[in-house]
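Colleague: Below you'll find my_file-v4.cif; it's mmCIF, C-alpha atoms and all ligand atoms.
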```cif
data_my_file
loop_
_atom_site.label_atom_id
_atom_site.label_comp_id
_atom_site.auth_asym_id
_atom_site.auth_seq_id
_atom_site.Cartn_x
_atom_site.Cartn_y
_atom_site.Cartn_z
CA MET A 691 2.12 -48.40 -12.21
CA SER A 692 2.17 -45.34 -10.03
CA THR A 693 0.32 -45.62 -6.76
CA SER A 694 0.12 -41.86 -6.25
CA ILE A 695 -3.25 -40.22 -6.46
CA SER A 696 -3.51 -36.90 -8.20
CA ARG A 697 -4.69 -34.02 -6.04
CA ARG A 698 -7.77 -33.47 -8.20
CA GLY A 699 -8.56 -37.18 -8.05
CA PHE A 700 -8.23 -37.10 -4.28
CA LEU A 701 -10.53 -34.11 -4.00
CA LEU A 702 -13.13 -35.71 -6.25
CA GLY A 703 -12.91 -38.89 -4.20
CA ALA A 704 -13.22 -36.94 -0.97
CA GLY A 705 -16.13 -35.06 -2.45
CA ALA A 706 -17.88 -38.34 -3.28
CA LEU A 707 -17.37 -39.59 0.28
CA LEU A 708 -18.75 -36.34 1.64
CA LEU A 709 -21.65 -36.25 -0.76
CA PRO A 710 -24.43 -37.33 1.59
CA ALA A 711 -23.47 -34.81 4.26
CA ALA A 712 -22.59 -32.03 1.79
CA CYS A 713 -25.92 -32.42 0.04
CA ARG A 714 -28.04 -32.77 3.11
CA GLY A 715 -31.13 -30.76 2.37
CA ALA A 716 -30.24 -30.34 -1.33
CA SER A 717 -32.97 -31.03 -3.83
CA VAL A 718 -32.72 -34.07 -6.11
CA ARG A 719 -32.65 -33.24 -9.82
CA ALA A 720 -35.24 -34.61 -12.28
CA ASP A 721 -32.75 -37.22 -13.49
CA GLY A 722 -32.43 -38.55 -9.95
CA LEU A 723 -28.89 -37.26 -9.43
CA LEU A 724 -27.83 -35.03 -6.59
CA PRO A 725 -26.23 -31.67 -7.41
CA THR A 726 -22.44 -31.70 -7.61
CA PRO A 727 -21.05 -30.56 -4.25
CA HIS A 728 -18.89 -27.46 -4.19
CA VAL A 729 -15.23 -28.32 -3.65
CA PRO A 730 -13.18 -25.25 -2.79
CA ASP A 731 -10.08 -24.76 -4.94
CA ASP A 732 -7.33 -24.09 -2.40
CA ASP A 733 -4.79 -23.68 -5.17
CA GLN A 734 -5.80 -20.03 -5.10
CA PRO A 735 -3.62 -17.77 -2.93
CA PRO A 736 -5.11 -16.47 0.30
CA GLY A 737 -6.61 -13.06 0.20
CA PRO A 738 -7.98 -10.68 -0.53
CA PHE A 739 -5.06 -8.33 -0.23
CA PRO A 740 -5.27 -5.01 -2.07
CA VAL A 741 -2.15 -5.79 -4.05
CA ASP A 742 -1.36 -3.95 -7.23
CA GLN A 743 -0.51 -6.92 -9.45
CA ARG A 744 1.66 -4.81 -11.72
CA SER A 745 4.16 -4.21 -8.96
CA ALA A 746 3.54 -7.15 -6.64
CA CYS A 747 6.71 -8.72 -5.28
CA THR A 748 9.09 -6.43 -7.12
CA ALA A 749 11.04 -4.44 -4.55
CA THR A 750 9.85 -0.86 -4.31
CA ALA A 751 12.25 1.62 -5.85
CA ASP A 752 14.14 3.83 -3.45
CA ASN A 753 14.24 7.58 -3.78
CA ILE A 754 16.23 10.42 -2.23
CA GLU A 755 15.68 11.21 1.44
CA GLY A 756 15.96 14.97 0.94
CA PRO A 757 17.00 17.44 3.64
CA PHE A 758 13.90 17.49 5.86
CA TYR A 759 13.78 14.10 7.57
CA LYS A 760 13.69 14.10 11.38
CA ALA A 761 13.93 10.90 13.37
CA GLY A 762 11.55 10.36 16.27
CA ALA A 763 8.21 11.34 14.73
CA PRO A 764 5.20 10.60 16.96
CA SER A 765 3.35 7.32 16.60
CA ARG A 766 0.11 8.13 14.79
CA ALA A 767 -1.78 7.29 11.61
CA THR A 768 -3.60 10.62 11.36
CA LEU A 769 -1.23 13.44 10.52
CA VAL A 770 -3.79 16.10 9.72
CA GLY A 771 -5.61 18.20 12.29
CA GLU A 772 -9.01 19.82 11.97
CA ARG A 773 -7.44 23.24 11.60
CA ASP A 774 -4.93 22.27 8.93
CA ARG A 775 -5.73 23.72 5.54
CA GLY A 776 -5.50 21.55 2.46
CA GLU A 777 -7.13 18.78 0.50
CA ARG A 778 -7.57 15.65 2.62
CA LEU A 779 -5.82 12.46 1.55
CA VAL A 780 -6.32 8.88 2.68
CA LEU A 781 -3.33 6.75 1.70
CA SER A 782 -3.53 3.01 2.27
CA GLY A 783 -1.95 -0.23 1.15
CA VAL A 784 0.07 -3.24 2.23
CA VAL A 785 3.72 -3.91 3.04
CA LEU A 786 4.85 -7.14 1.38
CA SER A 787 8.01 -9.18 1.14
CA THR A 788 9.52 -9.94 -2.24
CA LEU A 789 7.89 -13.37 -1.79
CA CYS A 790 4.52 -11.59 -1.74
CA LYS A 791 3.91 -12.26 1.95
CA PRO A 792 2.29 -9.50 4.00
CA ILE A 793 4.64 -8.11 6.63
CA ALA A 794 3.04 -7.43 9.99
CA ASN A 795 4.55 -4.86 12.35
CA ALA A 796 6.48 -3.09 9.63
CA THR A 797 7.07 0.56 10.53
CA LEU A 798 6.23 3.37 8.13
CA ASP A 799 7.92 6.67 8.93
CA ILE A 800 6.13 9.41 6.98
CA TRP A 801 6.93 13.06 6.42
CA HIS A 802 5.77 15.57 3.86
CA ALA A 803 5.20 19.28 3.22
CA ASP A 804 2.03 21.04 4.27
CA ALA A 805 -0.44 22.35 1.71
CA ARG A 806 1.70 25.44 1.14
CA GLY A 807 4.82 23.41 0.45
CA GLY A 808 6.54 23.96 3.78
CA TYR A 809 8.05 21.36 6.13
CA ASP A 810 7.63 21.66 9.86
CA ASN A 811 11.26 21.58 10.93
CA ASP A 812 10.57 22.78 14.46
CA GLY A 813 7.67 20.50 15.38
CA TRP A 814 6.05 17.35 14.07
CA GLY A 815 3.46 18.68 11.65
CA MET A 816 2.81 16.24 8.80
CA ARG A 817 5.13 13.70 10.37
CA GLY A 818 4.31 10.38 11.98
CA THR A 819 5.16 6.72 12.30
CA LEU A 820 2.73 3.82 12.21
CA VAL A 821 2.88 0.04 12.18
CA THR A 822 1.22 -2.40 9.79
CA ASP A 823 -1.44 -4.76 11.12
CA ALA A 824 -1.38 -8.58 11.08
CA LEU A 825 -2.15 -8.57 7.34
CA GLY A 826 0.53 -6.01 6.57
CA ARG A 827 -2.01 -3.23 6.01
CA TYR A 828 -1.70 0.45 6.78
CA THR A 829 -3.89 3.53 6.40
CA ILE A 830 -2.69 7.13 6.76
CA ARG A 831 -4.97 10.14 7.01
CA THR A 832 -3.25 13.32 5.97
CA LEU A 833 -3.46 16.01 3.30
CA VAL A 834 -2.13 16.42 -0.20
CA PRO A 835 1.31 18.02 0.11
CA GLY A 836 2.02 21.32 -1.56
CA ARG A 837 4.87 21.82 -4.01
CA TYR A 838 8.05 23.66 -3.17
CA LEU A 839 10.84 25.17 -5.17
CA ASN A 840 13.96 23.15 -5.79
CA GLY A 841 16.24 25.69 -7.39
CA LYS A 842 14.23 27.38 -10.10
CA ARG A 843 11.52 24.77 -10.52
CA TYR A 844 8.89 23.21 -8.33
CA ARG A 845 9.17 19.63 -7.25
CA PRO A 846 5.97 17.63 -7.83
CA ALA A 847 3.84 16.97 -4.74
CA HIS A 848 5.31 14.00 -2.87
CA ILE A 849 5.21 12.04 0.35
CA HIS A 850 8.45 10.81 1.91
CA VAL A 851 8.42 7.35 3.46
CA LYS A 852 10.86 5.10 5.24
CA VAL A 853 9.80 1.47 5.63
CA ARG A 854 11.46 -0.65 8.30
CA ALA A 855 10.87 -4.37 8.73
CA THR A 856 12.77 -7.00 10.66
CA LYS A 857 15.75 -8.49 8.83
CA ARG A 858 15.21 -6.23 5.83
CA GLU A 859 17.15 -3.27 4.59
CA GLU A 860 15.43 0.00 5.36
CA LEU A 861 13.66 1.51 2.35
CA THR A 862 13.70 5.29 1.86
CA THR A 863 11.47 6.49 -0.94
CA GLN A 864 8.91 9.06 -2.09
CA LEU A 865 5.41 8.70 -3.52
CA TYR A 866 4.07 10.97 -6.25
CA PHE A 867 0.61 11.69 -7.66
CA ASP A 868 -0.28 10.88 -11.24
CA GLY A 869 -1.45 13.87 -13.22
CA ASP A 870 0.93 16.23 -11.44
CA PRO A 871 2.25 18.50 -14.21
CA TYR A 872 5.57 18.88 -12.41
CA ILE A 873 6.41 15.16 -12.68
CA ASP A 874 7.73 15.59 -16.20
CA GLY A 875 11.25 16.90 -15.99
CA ASP A 876 11.71 16.33 -12.25
CA PRO A 877 15.12 14.69 -11.84
CA PHE A 878 14.06 12.39 -8.99
CA VAL A 879 10.70 10.92 -10.03
CA VAL A 880 10.60 7.17 -10.72
CA SER A 881 7.53 6.04 -12.65
CA SER A 882 6.81 3.07 -10.33
CA LEU A 883 6.45 5.54 -7.44
CA VAL A 884 3.67 7.53 -9.10
CA MET A 885 0.35 6.68 -7.43
CA THR A 886 -3.02 6.62 -9.08
CA HIS A 887 -5.64 8.27 -6.92
CA GLN A 888 -9.36 8.88 -6.82
CA ARG A 889 -11.41 11.87 -5.82
CA ASP A 890 -13.47 11.06 -2.78
CA GLY A 891 -15.86 13.77 -1.74
CA GLY A 892 -13.72 16.73 -0.80
CA GLY A 893 -10.50 14.76 -0.75
CA ARG A 894 -8.47 12.06 -2.46
CA ARG A 895 -7.80 8.39 -1.89
CA ALA A 896 -4.58 6.75 -3.01
CA THR A 897 -3.21 3.24 -2.67
CA PHE A 898 0.38 2.09 -2.63
CA ASP A 899 1.82 -1.31 -1.75
CA PHE A 900 5.41 -1.39 -0.56
CA VAL A 901 7.61 -4.41 -1.28
CA VAL A 902 10.75 -4.72 0.85
FE FE A 1001 10.38 16.65 -0.03
#
```
Translate the structure of the given file into structure tokens.
Ligand SMILES: [Fe+2]

Modeller:
Amino acid sequence: MSTSISRRGFLLGAGALLLPAACRGASVRADGLLPTPHVPDDDQPPGPFPVDQRSACTATADNIEGPFYKAGAPSRATLVGERDRGERLVLSGVVLSTLCKPIANATLDIWHADARGGYDNDGWGMRGTLVTDALGRYTIRTLVPGRYLNGKRYRPAHIHVKVRATKREELTTQLYFDGDPYIDGDPFVVSSLVMTHQRDGGGRRATFDFVV
């Protein structure tokens, strides 16, 4: 006969031992029994993390770097200035490993076009790097990029990102906005990189979780 005790049995036993203390101050039911104490179920994963379950733990698709990347962007999470024209965008999410663990101190290197579709190739407009917090989270305040011509057709609005984390291959990718009519037919768009977004006052909010 096995001498092991199932985990549930152990918890119930522990709960019974803890009953007097756990129920201190609890009212006794009409049948003379004390209410069942609450036993937390620690089989549940820690959280909450704002993880999109559809893409959790599947490595984020890469995407072309394009010709406008510049290394050395300033460290900042707010790319937009008061004088910049364009619809405001708050982009947030988490950087995770393929084992679904949040990655702290991952670097996000962001660059995108301004509202008119132009890149600042002389300065650092709409460019910045930031680092995830202890829970792997990031938030970027910027504006919705404009579209620009690629040959004879416009590319859909997009945000370029490089994600760097210790002992992981650097990810270079782009994020797109669902509902953009220029997504269909663009040769570079990958469906898993299309973000849903919400209107928020005069701007938009979007969420994207990177997995590297
Ligand atoms: Fe671009």

Colleague: If the limit is 7 Å from any atom of ligand FE 1001 (chain A), counting only C-alpha atoms and all ligand atoms, which residues qualify? Return them as a ChimeraX atom specification.

Modeller: /A:756,758,802-803,848-850

Colleague: From the list A:Asp804, A:Asp799, A:Asp874, A:Asp810, which residue is nearest Pro835 (chain A) when using all atoms listed in the file?

Modeller: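 Looking only at the distances to Pro835 (chain A), the closest residue turns out to be A:Asp804.
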
Colleague: Applying 7 Å and only C-alpha atoms, which residues near Phe898 (chain A) remain after dropping the ones on its own chain fewer than 6 positions away? List them as a ChimeraX atom specification.

Modeller: /A:782-783,885

Colleague: With distances taken over all atoms listed in the file, which residue among A:Arg843, A:Arg837, A:Arg858, A:Arg889 lies nearest Ile793 (chain A)?

Modeller: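 Among the listed residues, the smallest separation from Ile793 (chain A) belongs to A:Arg858.
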
Colleague: For Trp814 (chain A), list every protein, DNA or RNA residue within 10 Å, evaluated using only C-alpha atoms, and leave out those in the same chain fewer than 5 positions away; present the list as a PyMOL selection string.

Modeller: chain A and resi 760+762-764+769+801+809

Colleague: Just the number, please: distance in Å from CA of Tyr844 (chain A) to CA of Arg766 (chain A), one decimal.

Modeller: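 The value is 29.0 Å.
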